[in-house]
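J.: PDB, C-alpha atoms, file structure.pdb:
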ATOM      1  CA  MET A 291     -19.167 -34.585 -73.142
ATOM      2  CA  ASN A 292     -21.702 -37.373 -73.408
ATOM      3  CA  ALA A 293     -20.719 -40.884 -74.541
ATOM      4  CA  HIS A 294     -21.897 -40.299 -78.102
ATOM      5  CA  SER A 295     -19.933 -37.099 -78.607
ATOM      6  CA  ASP A 296     -16.887 -38.742 -77.034
ATOM      7  CA  ALA A 297     -17.094 -41.531 -79.583
ATOM      8  CA  ARG A 298     -17.349 -39.061 -82.442
ATOM      9  CA  THR A 299     -14.396 -37.085 -81.073
ATOM     10  CA  LEU A 300     -12.356 -40.265 -80.808
ATOM     11  CA  GLY A 301     -13.136 -41.149 -84.410
ATOM     12  CA  ALA A 302     -12.219 -37.678 -85.631
ATOM     13  CA  PHE A 303      -8.945 -37.807 -83.715
ATOM     14  CA  LEU A 304      -8.002 -41.202 -85.156
ATOM     15  CA  LYS A 305      -8.737 -40.028 -88.691
ATOM     16  CA  ALA A 306      -6.753 -36.818 -88.226
ATOM     17  CA  ARG A 307      -3.785 -38.633 -86.782
ATOM     18  CA  ARG A 308      -3.574 -41.306 -89.499
ATOM     19  CA  ALA A 309      -3.787 -38.563 -92.147
ATOM     20  CA  GLU A 310      -0.547 -37.094 -90.774
ATOM     21  CA  LEU A 311       1.530 -40.264 -91.133
ATOM     22  CA  ASP A 312       3.766 -41.208 -94.053
ATOM     23  CA  PRO A 313       3.197 -44.864 -95.067
ATOM     24  CA  ARG A 314       6.877 -45.288 -95.960
ATOM     25  CA  ALA A 315       8.028 -43.950 -92.589
ATOM     26  CA  CYS A 316       5.752 -46.512 -90.950
ATOM     27  CA  GLY A 317       7.466 -49.323 -92.828
ATOM     28  CA  LEU A 318       4.545 -50.052 -95.130
ATOM     29  CA  PRO A 319       5.349 -51.351 -98.626
ATOM     30  CA  GLU A 320       4.796 -49.102-101.621
ATOM     31  CA  THR A 321       2.041 -50.040-104.054
ATOM     32  CA  ASP A 322       1.476 -49.212-107.694
ATOM     33  CA  SER A 323      -2.083 -48.065-107.085
ATOM     34  CA  ALA A 324      -2.764 -44.366-106.559
ATOM     35  CA  ARG A 325      -3.574 -43.406-102.973
ATOM     36  CA  ARG A 326      -7.028 -41.900-102.541
ATOM     37  CA  VAL A 327      -6.379 -40.668 -99.008
ATOM     38  CA  VAL A 328      -3.678 -38.587 -97.410
ATOM     39  CA  GLY A 329      -1.630 -40.550 -94.909
ATOM     40  CA  LEU A 330      -2.601 -44.066 -93.865
ATOM     41  CA  ARG A 331      -5.668 -45.999 -94.939
ATOM     42  CA  ARG A 332      -7.904 -47.632 -92.343
ATOM     43  CA  GLU A 333      -6.633 -51.009 -93.504
ATOM     44  CA  GLU A 334      -3.048 -49.948 -92.865
ATOM     45  CA  VAL A 335      -3.763 -48.690 -89.359
ATOM     46  CA  ALA A 336      -5.540 -51.972 -88.599
ATOM     47  CA  LEU A 337      -2.522 -53.891 -89.908
ATOM     48  CA  LEU A 338      -0.051 -51.903 -87.786
ATOM     49  CA  ALA A 339      -2.252 -52.226 -84.701
ATOM     50  CA  ALA A 340      -2.936 -55.950 -85.285
ATOM     51  CA  ILE A 341      -6.712 -55.524 -85.141
ATOM     52  CA  SER A 342      -9.399 -56.253 -87.725
ATOM     53  CA  VAL A 343     -10.327 -53.656 -90.315
ATOM     54  CA  ASP A 344     -13.988 -53.967 -89.323
ATOM     55  CA  TYR A 345     -13.193 -53.261 -85.672
ATOM     56  CA  TYR A 346     -11.053 -50.240 -86.513
ATOM     57  CA  THR A 347     -13.728 -48.903 -88.894
ATOM     58  CA  ARG A 348     -16.329 -49.130 -86.154
ATOM     59  CA  LEU A 349     -13.968 -47.275 -83.807
ATOM     60  CA  GLU A 350     -13.680 -44.377 -86.243
ATOM     61  CA  GLN A 351     -17.450 -44.395 -86.739
ATOM     62  CA  GLY A 352     -18.085 -44.320 -82.991
ATOM     63  CA  ARG A 353     -19.948 -47.630 -82.994
ATOM     64  CA  VAL A 354     -17.734 -49.485 -80.502
ATOM     65  CA  ARG A 355     -15.852 -48.627 -77.313
ATOM     66  CA  ALA A 356     -12.126 -49.278 -77.440
ATOM     67  CA  SER A 357     -10.501 -51.495 -74.839
ATOM     68  CA  ALA A 358      -7.375 -50.398 -72.998
ATOM     69  CA  ALA A 359      -5.345 -52.974 -74.918
ATOM     70  CA  VAL A 360      -6.537 -51.592 -78.263
ATOM     71  CA  LEU A 361      -5.763 -48.024 -77.193
ATOM     72  CA  ASP A 362      -2.254 -49.092 -76.273
ATOM     73  CA  THR A 363      -1.579 -50.720 -79.647
ATOM     74  CA  LEU A 364      -3.186 -47.791 -81.501
ATOM     75  CA  SER A 365      -0.895 -45.398 -79.616
ATOM     76  CA  ARG A 366       2.089 -47.260 -81.001
ATOM     77  CA  ALA A 367       0.691 -47.691 -84.515
ATOM     78  CA  LEU A 368      -0.196 -43.996 -84.808
ATOM     79  CA  ARG A 369       3.040 -42.886 -83.105
ATOM     80  CA  LEU A 370       1.314 -40.751 -80.524
ATOM     81  CA  ASP A 371       3.388 -38.577 -78.219
ATOM     82  CA  GLU A 372       2.563 -38.365 -74.508
ATOM     83  CA  ASP A 373       0.024 -35.533 -74.880
ATOM     84  CA  GLN A 374      -1.719 -37.258 -77.779
ATOM     85  CA  GLN A 375      -1.835 -40.531 -75.873
ATOM     86  CA  SER A 376      -3.395 -38.811 -72.850
ATOM     87  CA  TYR A 377      -5.994 -37.216 -75.116
ATOM     88  CA  LEU A 378      -6.751 -40.565 -76.778
ATOM     89  CA  TYR A 379      -7.469 -42.245 -73.439
ATOM     90  CA  GLU A 380      -9.517 -39.258 -72.270
ATOM     91  CA  VAL A 381     -11.884 -39.131 -75.245
ATOM     92  CA  ALA A 382     -12.147 -42.929 -75.152
ATOM     93  CA  GLY A 383     -13.283 -42.782 -71.525
ATOM     94  CA  ARG A 384     -10.300 -44.840 -70.361
ATOM     95  CA  THR A 385      -8.276 -42.370 -68.287
ATOM     96  CA  ASP A 386      -7.982 -44.901 -65.452
ATOM     97  CA  ASP A 387      -6.219 -47.254 -67.888
ATOM     98  CA  LEU A 388      -3.655 -44.712 -69.095
ATOM     99  CA  PRO A 389      -0.229 -46.330 -68.643
ATOM    100  CA  ARG A 390       1.799 -44.819 -65.855
ATOM    101  CA  ARG A 391       4.724 -42.879 -67.213
ATOM    102  CA  THR A 392       8.061 -43.337 -65.632
ATOM    103  CA  ARG A 393      10.109 -40.171 -65.954
ATOM    104  CA  ARG A 394      13.190 -40.998 -67.961
ATOM    105  CA  PRO A 395      16.182 -40.619 -65.640
ATOM    106  CA  VAL A 396      18.988 -38.530 -67.010
ATOM    107  CA  GLN A 397      21.936 -40.755 -67.841
ATOM    108  CA  ARG A 398      24.988 -38.761 -66.842
ATOM    109  CA  VAL A 399      28.514 -39.579 -67.971
ATOM    110  CA  ARG A 400      31.134 -39.226 -65.253
ATOM    111  CA  PRO A 401      33.770 -36.505 -65.816
ATOM    112  CA  ALA A 402      36.546 -39.108 -65.723
ATOM    113  CA  MET A 403      34.895 -40.978 -68.572
ATOM    114  CA  ARG A 404      34.660 -37.784 -70.613
ATOM    115  CA  ARG A 405      38.340 -37.105 -70.041
ATOM    116  CA  LEU A 406      39.159 -40.621 -71.186
ATOM    117  CA  LEU A 407      37.165 -40.087 -74.396
ATOM    118  CA  ALA A 408      39.053 -36.893 -75.126
ATOM    119  CA  GLN A 409      42.439 -38.478 -74.469
ATOM    120  CA  LEU A 410      41.802 -41.372 -76.860
ATOM    121  CA  GLY A 411      42.536 -38.918 -79.681
ATOM    122  CA  GLU A 412      42.438 -40.739 -83.038
ATOM    123  CA  THR A 413      40.600 -43.736 -81.552
ATOM    124  CA  PRO A 414      36.798 -43.664 -82.077
ATOM    125  CA  ALA A 415      34.988 -44.171 -78.779
ATOM    126  CA  LEU A 416      31.404 -43.939 -77.547
ATOM    127  CA  VAL A 417      29.712 -44.155 -74.174
ATOM    128  CA  LEU A 418      26.528 -46.205 -74.529
ATOM    129  CA  GLY A 419      23.841 -46.094 -71.866
ATOM    130  CA  LYS A 420      20.716 -48.079 -71.200
ATOM    131  CA  ARG A 421      18.891 -49.202 -74.348
ATOM    132  CA  LEU A 422      22.145 -48.483 -76.250
ATOM    133  CA  ASP A 423      21.557 -44.727 -76.088
ATOM    134  CA  VAL A 424      24.601 -42.773 -77.291
ATOM    135  CA  LEU A 425      25.510 -40.601 -74.296
ATOM    136  CA  ALA A 426      28.959 -39.280 -75.222
ATOM    137  CA  TRP A 427      31.514 -39.544 -77.989
ATOM    138  CA  ASN A 428      34.841 -38.157 -79.103
ATOM    139  CA  ARG A 429      35.792 -36.403 -82.327
ATOM    140  CA  ALA A 430      37.182 -39.594 -83.824
ATOM    141  CA  ALA A 431      33.754 -41.220 -83.412
ATOM    142  CA  VAL A 432      32.163 -38.263 -85.216
ATOM    143  CA  ALA A 433      34.682 -38.680 -88.046
ATOM    144  CA  LEU A 434      33.870 -42.376 -88.353
ATOM    145  CA  TYR A 435      30.108 -42.371 -87.787
ATOM    146  CA  THR A 436      28.217 -39.083 -87.848
ATOM    147  CA  ASP A 437      27.752 -35.782 -86.040
ATOM    148  CA  PHE A 438      25.858 -37.130 -83.044
ATOM    149  CA  ALA A 439      25.240 -33.612 -81.727
ATOM    150  CA  ALA A 440      23.055 -32.908 -84.769
ATOM    151  CA  ILE A 441      20.754 -35.811 -83.884
ATOM    152  CA  PRO A 442      17.869 -35.117 -81.440
ATOM    153  CA  THR A 443      18.572 -36.636 -78.044
ATOM    154  CA  ALA A 444      15.494 -38.866 -78.200
ATOM    155  CA  GLU A 445      16.746 -40.431 -81.442
ATOM    156  CA  ARG A 446      20.410 -40.664 -80.455
ATOM    157  CA  ASN A 447      20.372 -44.421 -79.998
ATOM    158  CA  TYR A 448      22.966 -46.778 -81.486
ATOM    159  CA  LEU A 449      20.447 -49.433 -82.511
ATOM    160  CA  ARG A 450      17.914 -46.935 -83.877
ATOM    161  CA  LEU A 451      20.594 -45.300 -86.021
ATOM    162  CA  MET A 452      21.724 -48.660 -87.395
ATOM    163  CA  PHE A 453      18.221 -49.308 -88.700
ATOM    164  CA  THR A 454      17.012 -45.825 -89.642
ATOM    165  CA  ASP A 455      20.037 -43.736 -90.648
ATOM    166  CA  PRO A 456      21.028 -44.561 -94.260
ATOM    167  CA  ALA A 457      24.596 -43.290 -93.784
ATOM    168  CA  ILE A 458      25.287 -45.395 -90.697
ATOM    169  CA  ARG A 459      23.526 -48.379 -92.195
ATOM    170  CA  GLY A 460      25.660 -48.071 -95.334
ATOM    171  CA  LEU A 461      28.820 -47.696 -93.265
ATOM    172  CA  HIS A 462      28.592 -51.305 -92.071
ATOM    173  CA  ARG A 463      29.969 -53.720 -94.676
ATOM    174  CA  GLU A 464      28.335 -56.579 -92.740
ATOM    175  CA  TRP A 465      25.241 -54.673 -91.702
ATOM    176  CA  ALA A 466      22.942 -57.663 -91.197
ATOM    177  CA  HIS A 467      25.474 -59.389 -88.929
ATOM    178  CA  ASP A 468      26.191 -56.263 -86.884
ATOM    179  CA  ALA A 469      22.558 -55.185 -86.627
ATOM    180  CA  ARG A 470      21.433 -58.662 -85.568
ATOM    181  CA  ASP A 471      24.097 -58.695 -82.848
ATOM    182  CA  ALA A 472      22.918 -55.283 -81.649
ATOM    183  CA  VAL A 473      19.326 -56.527 -81.491
ATOM    184  CA  ALA A 474      20.511 -59.500 -79.430
ATOM    185  CA  ALA A 475      22.353 -57.133 -77.060
ATOM    186  CA  LEU A 476      19.164 -55.108 -76.574
ATOM    187  CA  ARG A 477      17.206 -58.318 -75.994
ATOM    188  CA  MET A 478      19.723 -59.204 -73.254
ATOM    189  CA  GLU A 479      19.078 -55.841 -71.627
ATOM    190  CA  ALA A 480      15.323 -56.298 -71.920
ATOM    191  CA  GLY A 481      15.605 -59.460 -69.847
ATOM    192  CA  ALA A 482      17.104 -57.470 -66.990
ATOM    193  CA  ASP A 483      14.600 -54.593 -67.265
ATOM    194  CA  PRO A 484      11.446 -55.961 -68.935
ATOM    195  CA  ASP A 485       9.126 -53.179 -67.733
ATOM    196  CA  ASN A 486      11.204 -50.263 -69.014
ATOM    197  CA  PRO A 487       8.734 -48.054 -70.975
ATOM    198  CA  GLU A 488      11.451 -46.346 -73.025
ATOM    199  CA  LEU A 489      12.791 -49.708 -74.155
ATOM    200  CA  ALA A 490       9.255 -50.845 -75.022
ATOM    201  CA  ARG A 491       8.723 -47.726 -77.144
ATOM    202  CA  LEU A 492      12.038 -48.254 -78.942
ATOM    203  CA  VAL A 493      11.202 -51.876 -79.725
ATOM    204  CA  GLY A 494       7.664 -51.011 -80.799
ATOM    205  CA  ASP A 495       8.825 -48.246 -83.124
ATOM    206  CA  LEU A 496      11.543 -50.330 -84.783
ATOM    207  CA  THR A 497       9.180 -53.303 -85.108
ATOM    208  CA  LEU A 498       6.787 -51.158 -87.129
ATOM    209  CA  ARG A 499       9.514 -49.561 -89.221
ATOM    210  CA  ASP A 500      11.773 -52.480 -90.128
ATOM    211  CA  ALA A 501      10.890 -56.068 -91.030
ATOM    212  CA  ASP A 502      14.402 -57.302 -90.239
ATOM    213  CA  PHE A 503      14.259 -55.865 -86.728
ATOM    214  CA  SER A 504      10.840 -57.442 -86.176
ATOM    215  CA  ALA A 505      12.104 -60.857 -87.303
ATOM    216  CA  TRP A 506      15.330 -60.699 -85.297
ATOM    217  CA  TRP A 507      13.587 -59.465 -82.157
ATOM    218  CA  ALA A 508      11.179 -62.394 -82.398
ATOM    219  CA  GLU A 509      14.132 -64.813 -82.380
ATOM    220  CA  HIS A 510      14.798 -64.034 -78.694
ATOM    221  CA  ARG A 511      18.512 -64.320 -79.416
ATOM    222  CA  VAL A 512      20.723 -62.780 -76.728
ATOM    223  CA  ASN A 513      24.296 -61.546 -76.863
ATOM    224  CA  SER A 514      26.539 -60.247 -74.089
ATOM    225  CA  ALA A 515      29.804 -60.294 -76.072
ATOM    226  CA  THR A 516      32.229 -57.537 -75.059
ATOM    227  CA  TYR A 517      34.537 -57.734 -78.069
ATOM    228  CA  GLY A 518      34.456 -58.462 -81.793
ATOM    229  CA  THR A 519      35.462 -57.153 -85.203
ATOM    230  CA  LYS A 520      33.663 -54.469 -87.219
ATOM    231  CA  HIS A 521      34.009 -54.055 -90.970
ATOM    232  CA  TYR A 522      33.255 -50.591 -92.299
ATOM    233  CA  ARG A 523      33.255 -48.871 -95.688
ATOM    234  CA  HIS A 524      33.744 -45.148 -95.154
ATOM    235  CA  PRO A 525      33.044 -42.690 -97.990
ATOM    236  CA  LEU A 526      36.305 -40.817 -97.310
ATOM    237  CA  VAL A 527      38.874 -43.540 -96.524
ATOM    238  CA  GLY A 528      37.310 -46.724 -97.883
ATOM    239  CA  ASP A 529      37.377 -50.069 -96.092
ATOM    240  CA  LEU A 530      38.339 -50.381 -92.431
ATOM    241  CA  THR A 531      38.570 -53.450 -90.195
ATOM    242  CA  LEU A 532      38.470 -52.451 -86.536
ATOM    243  CA  ASP A 533      38.540 -54.327 -83.258
ATOM    244  CA  CYS A 534      35.563 -53.366 -81.117
ATOM    245  CA  ASP A 535      35.920 -53.712 -77.340
ATOM    246  CA  THR A 536      33.320 -52.753 -74.765
ATOM    247  CA  TRP A 537      33.840 -52.207 -71.050
ATOM    248  CA  SER A 538      31.012 -51.873 -68.538
ATOM    249  CA  GLY A 539      31.108 -49.203 -65.847
ATOM    250  CA  SER A 540      31.915 -50.245 -62.305
ATOM    251  CA  ASP A 541      28.906 -48.504 -60.734
ATOM    252  CA  ALA A 542      26.182 -50.702 -62.275
ATOM    253  CA  ASP A 543      24.526 -47.775 -64.060
ATOM    254  CA  GLY A 544      24.275 -49.652 -67.343
ATOM    255  CA  GLN A 545      26.842 -47.480 -69.106
ATOM    256  CA  ARG A 546      29.581 -49.000 -71.229
ATOM    257  CA  LEU A 547      32.554 -47.658 -73.137
ATOM    258  CA  MET A 548      32.891 -48.846 -76.743
ATOM    259  CA  VAL A 549      36.316 -48.378 -78.333
ATOM    260  CA  LEU A 550      37.326 -49.124 -81.932
ATOM    261  CA  THR A 551      41.012 -49.749 -82.622
ATOM    262  CA  ALA A 552      43.291 -50.988 -85.398
ATOM    263  CA  GLU A 553      46.746 -52.510 -85.233
ATOM    264  CA  THR A 554      49.460 -49.872 -85.448
ATOM    265  CA  GLY A 555      50.770 -49.511 -88.997
ATOM    266  CA  SER A 556      47.861 -51.339 -90.588
ATOM    267  CA  PRO A 557      45.838 -49.779 -93.442
ATOM    268  CA  SER A 558      42.888 -49.359 -91.077
ATOM    269  CA  HIS A 559      45.078 -47.544 -88.535
ATOM    270  CA  ASP A 560      46.290 -45.211 -91.272
ATOM    271  CA  ALA A 561      42.684 -44.645 -92.329
ATOM    272  CA  LEU A 562      41.724 -43.622 -88.780
ATOM    273  CA  ARG A 563      44.599 -41.122 -88.747
ATOM    274  CA  ILE A 564      43.418 -39.683 -92.057
ATOM    275  CA  LEU A 565      39.887 -39.326 -90.711
ATOM    276  CA  ALA A 566      41.180 -37.590 -87.602
ATOM    277  CA  SER A 567      43.284 -35.193 -89.673
ATOM    278  CA  ALA A 568      40.433 -34.426 -92.045
ATOM    279  CA  THR A 569      38.147 -33.358 -89.195
ATOM    280  CA  ALA A 570      40.689 -31.719 -86.876
ATOM    281  CA  LEU A 571      40.612 -28.231 -88.412
ATOM    282  CA  ARG A 572      36.829 -28.103 -88.554
ATOM    283  CA  ALA A 573      36.489 -29.446 -85.010
ATOM    284  CA  ASP A 574      38.982 -26.951 -83.635
ATOM    285  CA  ALA A 575      37.271 -24.077 -85.426
ATOM    286  CA  GLU A 576      33.804 -24.932 -84.114
ATOM    287  CA  PRO A 577      32.638 -24.937 -80.479
ATOM    288  CA  ALA A 578      32.294 -28.462 -79.136
ATOM    289  CA  GLY A 579      28.719 -29.729 -78.984
ATOM    290  CA  VAL A 580      27.224 -31.829 -76.252
ATOM    291  CA  GLY A 581      29.247 -34.994 -75.882
ATOM    292  CA  ILE A 582      31.948 -34.049 -78.383
ATOM    293  CA  LEU A 583      35.322 -34.166 -76.709
TER     294      LEU A 583
END
Rewrite the coordinates I just gave you, this time as structure tokens.
T.:
Amino acid sequence: MNAHSDARTLGAFLKARRAELDPRACGLPETDSARRVVGLRREEVALLAAISVDYYTRLEQGRVRASAAVLDTLSRALRLDEDQQSYLYEVAGRTDDLPRRTRRPVQRVRPAMRRLLAQLGETPALVLGKRLDVLAWNRAAVALYTDFAAIPTAERNYLRLMFTDPAIRGLHREWAHDARDAVAALRMEAGADPDNPELARLVGDLTLRDADFSAWWAEHRVNSATYGTKHYRHPLVGDLTLDCDTWSGSDADGQRLMVLTAETGSPSHDALRILASATALRADAEPAGVGIL
């Protein structure tokens, strides 16, 4: 391809990609005016990418060559996957600037930890990995939160679910407090691993999708607390107040065990037993999914 046809191909690709995106899924406010285009407007892409409308318009029209920095921010704004990002850099003539991809290492939960999850019985427990990914869980955690096995692995992240899953968001009676603490915990992790590409993608996605996340991330607040109290409102058993304790693994792999307990004989303890009973028959009748113990 010559430079001119490359520019036209780039413009066509940008237009096609923005036409596929849902403004609401991108965190854009709804307006009363009727939309004349499918997907995002040029002005909305420019807003998400933090560039001027004029500059973005010229990109689509093939009248300007995109810098590597602009391609990077457009990749995030348009939610490009790895193949789409590679194509974007290729047609823009910037293949040498394509960010190096670090293969995501598989975070494996030790067998002993899985046995511990299973033996906790009526006590909800999760194993959280790097970036607060949910790596393993027991049936009590499914009863309290959600069926984690039904969530795609790439989206099975504790912080992501708090901001994007309506059921989990509604479960937290003090959602703003809990979500802000979770953001601070991720910020603490980012300080130890600032160049992690998966963490950068998680932060970039949530920044675009949720104004609260964007504001709290910008606070640079950090939190390494290993215990606290969670207040939930479950659709089946009502209000629960649970102690939340987190223990880090001894092998420095970034994994931690999160356990939620209630004082024996308390209403919250009784509620956990009811949840466990309500899901026991279904869980025993169905084959266990990945991570369910």
J.: Apply the PyMOL selection byres ((chain A and resi 458-471) around 8) to the structure shown and report the selected residues as a ChimeraX atom specification.
T.: /A:435-436,449,451-457,472-475,503,506,513,520-524
J.: Between A:Lys305, A:Gln397, A:Val549, A:Ala356, which has the minimum distance to Asn428 (chain A) (counting all atoms listed in the file)?
T.: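 Closest residue, counting all atoms listed in the file: A:Val549.
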J.: Could you list, with a cut-off of 12 Å and counting only C-alpha atoms, the residues of region 393-510 of chain A near region 553-558 of chain A, each shown with its nearest atom pair and the distance in Å rounded to one decimal, rows sorted by chain and ascending number, as a Markdown table?
T.:
| residue | atom | partner | partner_atom | distance |
| --- | --- | --- | --- | --- |
| A:Glu412 | CA | A:Thr554 | CA | 11.8 |
| A:Thr413 | CA | A:Ser558 | CA | 11.3 |
| A:Leu434 | CA | A:Ser558 | CA | 11.7 |
J.: Here's the selection I'm unsure about, the PyMOL selection byres ((chain A and resi 295-301) around 10); applied to the file above, which residues does it give, as a PyMOL selection string?
T.: chain A and resi 291-294+302-307+346-356+377-383
J.: So that I can check the surroundings of region 309-314 of chain A, please list as a ChimeraX atom specification every protein, DNA and RNA residue that reaches within 6 Å of it, counting all atoms listed in the file and ignoring chain neighbours fewer than 6 positions away.
T.: /A:328-330
J.: Expand the PyMOL selection byres ((chain A and resi 515) around 12) into the explicit residue set it covers here, and present it as a ChimeraX atom specification.
T.: /A:471-472,474-476,478,512-514,516-519,534-538,548
J.: I'd like the neighbourhood of Thr497 (chain A) as a PyMOL selection string, where a residue qualifies if any of its atoms comes within 10 Å (using all atoms listed in the file), though same-chain residues fewer than 2 positions away should be ignored.
T.: chain A and resi 316-317+338+491-495+499-508
J.: Kindly give the distance, in Å, that separates CA of Arg446 (chain A) and CA of Gln545 (chain A), rounded to a single decimal.
T.: 14.7 Å
J.: Take CA of Met403 (chain A) and CA of Gly539 (chain A) and report the distance between them in Å, one decimal.
T.: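 Going from CA of Met403 (chain A) over to CA of Gly539 (chain A), I get 9.5 Å.
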J.: What does the structure give for the distance between CA of Ala490 (chain A) and CA of Leu368 (chain A), in Å to one decimal?
T.: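 Between CA of Ala490 (chain A) and CA of Leu368 (chain A) the gap is 15.2 Å.
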J.: Hey, which of A:Arg477, A:Arg511, A:Arg450, A:Arg429 ends up closest to Ala566 (chain A)? Count only C-alpha atoms.
T.: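 Using only C-alpha atoms, Ala566 (chain A) sits closest to A:Arg429.
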J.: Tell me which of A:Ser567, A:Ala426, A:Leu496, A:Ala440 sits closest to Arg546 (chain A), counting all atoms listed in the file.
T.: A:Ala426
J.: Using all atoms listed in the file, can you tell me which of A:Ala561, A:Ala430, A:Leu498, A:Ala402 comes closest to Leu364 (chain A)?
T.: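 Among A:Ala561, A:Ala430, A:Leu498, A:Ala402, it is A:Leu498 that comes nearest to Leu364 (chain A).
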J.: May I ask which of the residues A:Ala359, A:Asn447, A:Asn486, A:Leu565 is the closest one to Pro525 (chain A), counting all atoms listed in the file?
T.: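 Comparing A:Ala359, A:Asn447, A:Asn486, A:Leu565 against Pro525 (chain A), the winner is A:Leu565.
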J.: At the level of N, CA, C and O atoms, write region 357-368 of chain A to a file as a PDB file, in the first residue's frame, please.
T.:
ATOM      1  N   SER A 357       0.392   9.874  15.637  1.00  0.00           N
ATOM      2  CA  SER A 357       1.578   9.564  16.431  1.00  0.00           C
ATOM      3  C   SER A 357       1.349   8.271  17.191  1.00  0.00           C
ATOM      4  O   SER A 357       0.223   7.786  17.330  1.00  0.00           O
ATOM      5  N   ALA A 358       2.419   7.699  17.715  1.00  0.00           N
ATOM      6  CA  ALA A 358       2.296   6.468  18.494  1.00  0.00           C
ATOM      7  C   ALA A 358       1.454   6.698  19.743  1.00  0.00           C
ATOM      8  O   ALA A 358       0.670   5.831  20.146  1.00  0.00           O
ATOM      9  N   ALA A 359       1.605   7.878  20.352  1.00  0.00           N
ATOM     10  CA  ALA A 359       0.838   8.177  21.560  1.00  0.00           C
ATOM     11  C   ALA A 359      -0.651   8.242  21.260  1.00  0.00           C
ATOM     12  O   ALA A 359      -1.481   7.764  22.048  1.00  0.00           O
ATOM     13  N   VAL A 360      -1.018   8.818  20.116  1.00  0.00           N
ATOM     14  CA  VAL A 360      -2.429   8.910  19.740  1.00  0.00           C
ATOM     15  C   VAL A 360      -2.987   7.524  19.432  1.00  0.00           C
ATOM     16  O   VAL A 360      -4.116   7.196  19.802  1.00  0.00           O
ATOM     17  N   LEU A 361      -2.194   6.686  18.754  1.00  0.00           N
ATOM     18  CA  LEU A 361      -2.657   5.331  18.472  1.00  0.00           C
ATOM     19  C   LEU A 361      -2.910   4.550  19.758  1.00  0.00           C
ATOM     20  O   LEU A 361      -3.868   3.779  19.857  1.00  0.00           O
ATOM     21  N   ASP A 362      -2.068   4.773  20.740  1.00  0.00           N
ATOM     22  CA  ASP A 362      -2.237   4.079  22.015  1.00  0.00           C
ATOM     23  C   ASP A 362      -3.543   4.493  22.685  1.00  0.00           C
ATOM     24  O   ASP A 362      -4.318   3.656  23.150  1.00  0.00           O
ATOM     25  N   THR A 363      -3.816   5.785  22.732  1.00  0.00           N
ATOM     26  CA  THR A 363      -5.039   6.253  23.399  1.00  0.00           C
ATOM     27  C   THR A 363      -6.280   5.894  22.583  1.00  0.00           C
ATOM     28  O   THR A 363      -7.336   5.604  23.136  1.00  0.00           O
ATOM     29  N   LEU A 364      -6.163   5.868  21.255  1.00  0.00           N
ATOM     30  CA  LEU A 364      -7.289   5.435  20.421  1.00  0.00           C
ATOM     31  C   LEU A 364      -7.579   3.944  20.629  1.00  0.00           C
ATOM     32  O   LEU A 364      -8.739   3.529  20.622  1.00  0.00           O
ATOM     33  N   SER A 365      -6.538   3.151  20.822  1.00  0.00           N
ATOM     34  CA  SER A 365      -6.736   1.721  21.080  1.00  0.00           C
ATOM     35  C   SER A 365      -7.580   1.508  22.317  1.00  0.00           C
ATOM     36  O   SER A 365      -8.445   0.627  22.358  1.00  0.00           O
ATOM     37  N   ARG A 366      -7.343   2.325  23.338  1.00  0.00           N
ATOM     38  CA  ARG A 366      -8.112   2.198  24.569  1.00  0.00           C
ATOM     39  C   ARG A 366      -9.536   2.736  24.373  1.00  0.00           C
ATOM     40  O   ARG A 366     -10.506   2.117  24.814  1.00  0.00           O
ATOM     41  N   ALA A 367      -9.640   3.899  23.733  1.00  0.00           N
ATOM     42  CA  ALA A 367     -10.954   4.519  23.560  1.00  0.00           C
ATOM     43  C   ALA A 367     -11.882   3.641  22.721  1.00  0.00           C
ATOM     44  O   ALA A 367     -13.083   3.549  22.997  1.00  0.00           O
ATOM     45  N   LEU A 368     -11.333   2.993  21.701  1.00  0.00           N
ATOM     46  CA  LEU A 368     -12.133   2.168  20.800  1.00  0.00           C
ATOM     47  C   LEU A 368     -12.171   0.703  21.235  1.00  0.00           C
ATOM     48  O   LEU A 368     -12.744  -0.131  20.539  1.00  0.00           O
TER      49      LEU A 368
END
